[in-house]
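Data first, discussion second: the structure below is written as structure tokens.
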Amino acid sequence: MKPVVAIVGRPNVGKSTLFNRITRSRDAIVDDTPGVTRDRICGQARWEDKSFLLVDTGGFISGDPDVFAPHIRSQVRQAVAEADAVIMLLDGKGGLSPYDSDLLQLLRRSGKKVFYAVNKIDGPEREDALDEFYALGIDGIYPLSAEHGYGVSDLLDAITDGLCGPEEPEDSALIKVAVVGRPNVGKSSLINRMVGNERLLVSDVAGTTRDAVDIEIRRQDGSYLLVDTAGIRRKARVRQKLEKFSIVRALKSLERCDVALIMLDASQGITEQDLKIAGYAYQRGCGCIFLGNKWDLVDKEAVSVRKFSQQVHLSAGFMRFAPVLTVSALTGQRVNRIFRLIDQVWQQYTTRINTGRINRIMEQALRNNEPPLHRGRRLKFNYTTQVASGPPTFVCFVNHPEAVHFSYRRYLLNQIREATGLDKTPIKLVFRTKSGRRNYSGRKGKRRGR
């Protein structure tokens, strides 16, 4: 396992800006509003030839009346407990605060290696602002500017010295799973249940989750990266800037995931917004699983599991390949089956079919149902090949691609699914014209006779 370094501090000292600077990403939302970060956010960091996991945390304040404050403090304590080293970030412009002393006491009791850094020091001429922080009884203060990069290299040199080993190769078998859905359908609760602890902040307040939070877990049957996302509401209802940022992060998580868990509130059935979210996942080519959460609240005499699945597939007819599973994050009902279903979808999602086999399948399909006519002549299909996986993508060369009717395309897709058993993954079928033959010199054109 890579070493873990946590960034802690009171609100608005620049923790997320420093996190983005060190990870060379924009994974953490940055805003002047205090309390933007609520959950722990993890990112991969590398300095020179050494790598580590960096953790961003919410602002630590004792006695804050905000409803989320106790949860944020709990998240900070967990981050410190799990870290190998801690960066305590202080505010060089705002100066010393009583909350800094409270956090300092927590860190001293933890026994962890702590690096004290004062942010918003834009250059050597501003380093006289460090003097008041020595009143905390600390040594070795690092002046830096998370926004401009001043002093960050010195801090990283100190952190990585003797802490980190060589960079570890990325786990290619890691299955990336994004959990998406409307607000308050139970995304964070489900991930906490899957992980086995209260890793994420959970509340009845809509919009609790703001960042896309990555959580890596390892099980006997595989390794998974679970991504919790903000609830996606209708555009007309989204007015706050922070919520817009959160939704953009949620949609971007679909671009980097292998499988999307599309969470529904089973007690409400599938809604128009659920279908839009499913459409986002479909457009991005994700493997998809519909999860009907809150199944413990459903009247089983009125709605059975089978009937619920039929309703989902009837409403989302474009995603009949996506399995439907009813669960309860609250009670844990059928949650363990999710991993098995993820594995099945991922296996199909990454499948490759050799060219010979796919062409035999297509030839049989063309014999069973001849291609349509175009301008009085039958369309001519030359050959088919798989050009990508994740999802399986096939290119079919035909003399008039634009003339292939959507109904015939759907027929060919169904034939591929039936023959290959790829019934739980999206499949892309692209039609193109066959390029000209190449001569022996490698240039396009007709081959000359002798």
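Ordering of the structure tokens sets the chain letters (A, B, ...), residue numbers begin anew at 1 in every chain, and ligands are numbered from 1 in the order given.
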
Inset, instruction - Select from region 107-353 of chain A everything DSSP, run on the backbone, classes as alpha helix (DSSP H), then give the selection as JSON, numbers by chain. - result: {"A": [107, 108, 109, 110, 152, 153, 154, 155, 156, 157, 158, 159, 160, 187, 188, 189, 190, 191, 192, 193, 194, 195, 241, 242, 243, 244, 245, 246, 247, 248, 249, 250, 251, 252, 253, 254, 255, 272, 273, 274, 275, 276, 277, 278, 279, 280, 281, 282, 283, 305, 306, 307, 308, 309, 310, 311, 312, 313, 314, 315, 336, 337, 338, 339, 340, 341, 342, 343, 344, 345, 346, 347, 348, 349]}

Inset, instruction - Would you work out the distance separating CA of Leu330 (chain A) from CA of Tyr282 (chain A), expressed in Å to one decimal? - result: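 Taking CA of Leu330 (chain A) and CA of Tyr282 (chain A), their separation equals 28.0 Å.
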
Inset, instruction - Within 9 Å of Tyr99 (chain A), counting only C-alpha atoms, which residues show up once you throw out same-chain ones fewer than 5 positions away? Write them as a list in words, please. - result: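 The contact residues come out as Gly9, Arg10, Phe60, Ile61, Ser62 and Leu104 of chain A.
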
Legend entry - Residues near region 346-350 of chain A, cut-off 9 Å, only C-alpha atoms, skip fewer than 4 positions along chain, as an NGL selection string: :A and (175 or 258-259 or 286-287 or 341-342 or 388-392 or 421-427)

Would you list the contacts of Glu418 (chain A) as a compact mmCIF listing (two decimals) with C-alpha atoms, in the first residue's frame, taking every protein, DNA or RNA residue within 12 Å and counting only C-alpha atoms, but skipping same-chain residues closer than 5 positions in sequence?
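around10.txt, freshly written:
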# COMPACT_ATOMS: atom_id res chain seq x y z
CA PHE A 321 -29.16 -4.72 -21.47
CA ILE A 358 -17.68 -12.01 -35.43
CA ILE A 361 -21.96 -14.38 -36.63
CA MET A 362 -22.64 -11.58 -39.10
CA ALA A 365 -27.38 -12.98 -39.43
CA TYR A 411 -31.47 -6.62 -35.50
CA LEU A 412 -27.71 -7.07 -36.04
CA LEU A 413 -26.97 -5.92 -32.49
CA ASP A 423 -26.43 -9.41 -22.74
CA LYS A 424 -25.31 -7.10 -19.89

Legend entry - 8 Å contact set for Leu261 (chain A), only C-alpha atoms, chain neighbours under 5 positions out, as a PyMOL selection string: chain A and resi 177-180+288-291

Legend entry - Shortest interatomic distance to Asn184 (chain A) - which of A:Val227, A:Leu254, A:Leu264, A:Ala278, counting only C-alpha atoms: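 Nearest candidate to Asn184 (chain A) out of A:Val227, A:Leu254, A:Leu264, A:Ala278: A:Leu264.
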
Within 10 Å of Ile22 (chain A), counting only C-alpha atoms, which residues qualify if same-chain residues fewer than 3 places away don't, as a tab-separated table (two decimals) with N, CA and C atoms, in the first residue's frame?
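Written out: selection08.tsv:
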chain	number	residue	atom	x	y	z
A	16	SER	N	-8.02	22.53	-0.31
A	16	SER	CA	-8.37	21.95	-1.61
A	16	SER	C	-7.48	22.49	-2.73
A	17	THR	N	-7.09	23.76	-2.63
A	17	THR	CA	-6.17	24.32	-3.63
A	17	THR	C	-4.82	23.61	-3.57
A	18	LEU	N	-4.33	23.36	-2.35
A	18	LEU	CA	-3.07	22.64	-2.20
A	18	LEU	C	-3.22	21.20	-2.69
A	19	PHE	N	-4.35	20.57	-2.39
A	19	PHE	CA	-4.61	19.20	-2.87
A	19	PHE	C	-4.53	19.15	-4.39
A	25	SER	N	-4.35	18.03	-10.39
A	25	SER	CA	-5.70	17.74	-10.84
A	25	SER	C	-6.62	18.89	-10.45
A	43	GLY	N	-6.54	11.37	-3.65
A	43	GLY	CA	-5.94	11.51	-4.97
A	43	GLY	C	-4.53	10.93	-4.99
A	44	GLN	N	-4.10	10.52	-6.18
A	44	GLN	CA	-2.75	9.99	-6.36
A	44	GLN	C	-1.78	11.16	-6.51
A	45	ALA	N	-0.69	11.11	-5.76
A	45	ALA	CA	0.33	12.17	-5.83
A	45	ALA	C	1.69	11.53	-6.10
A	46	ARG	N	2.51	12.25	-6.81
A	46	ARG	CA	3.86	11.76	-7.13
A	46	ARG	C	4.83	12.93	-7.07
A	47	TRP	N	5.93	12.72	-6.38
A	47	TRP	CA	6.98	13.73	-6.31
A	47	TRP	C	8.31	13.07	-6.57
A	54	LEU	N	-2.86	11.26	-1.34
A	54	LEU	CA	-3.11	12.53	-0.66
A	54	LEU	C	-4.60	12.63	-0.34
A	146	ALA	N	-0.31	27.84	-2.16
A	146	ALA	CA	-0.94	26.73	-2.89
A	146	ALA	C	-1.43	27.19	-4.25
A	149	GLY	N	2.16	28.14	-6.18
A	149	GLY	CA	3.19	27.11	-6.17
A	149	GLY	C	4.43	27.45	-5.37
A	152	VAL	N	6.00	25.02	-2.38
A	152	VAL	CA	5.38	23.69	-2.35
A	152	VAL	C	6.44	22.60	-2.52
A	153	SER	N	7.44	22.85	-3.35
A	153	SER	CA	8.47	21.84	-3.58
A	153	SER	C	9.26	21.53	-2.31
A	156	LEU	N	7.14	19.22	-0.21
A	156	LEU	CA	7.09	17.86	-0.75
A	156	LEU	C	8.41	17.13	-0.56

Legend entry - Between CA of Gly140 (chain A) and CA of Phe115 (chain A), distance in Å (one decimal):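 Going from CA of Gly140 (chain A) over to CA of Phe115 (chain A), I get 7.7 Å.
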
Legend entry - Minimum-distance residue to Val13 (chain A), chosen among A:Gly111, A:Ile353, A:Phe133, A:Ser145 (using only C-alpha atoms): A:Ser145
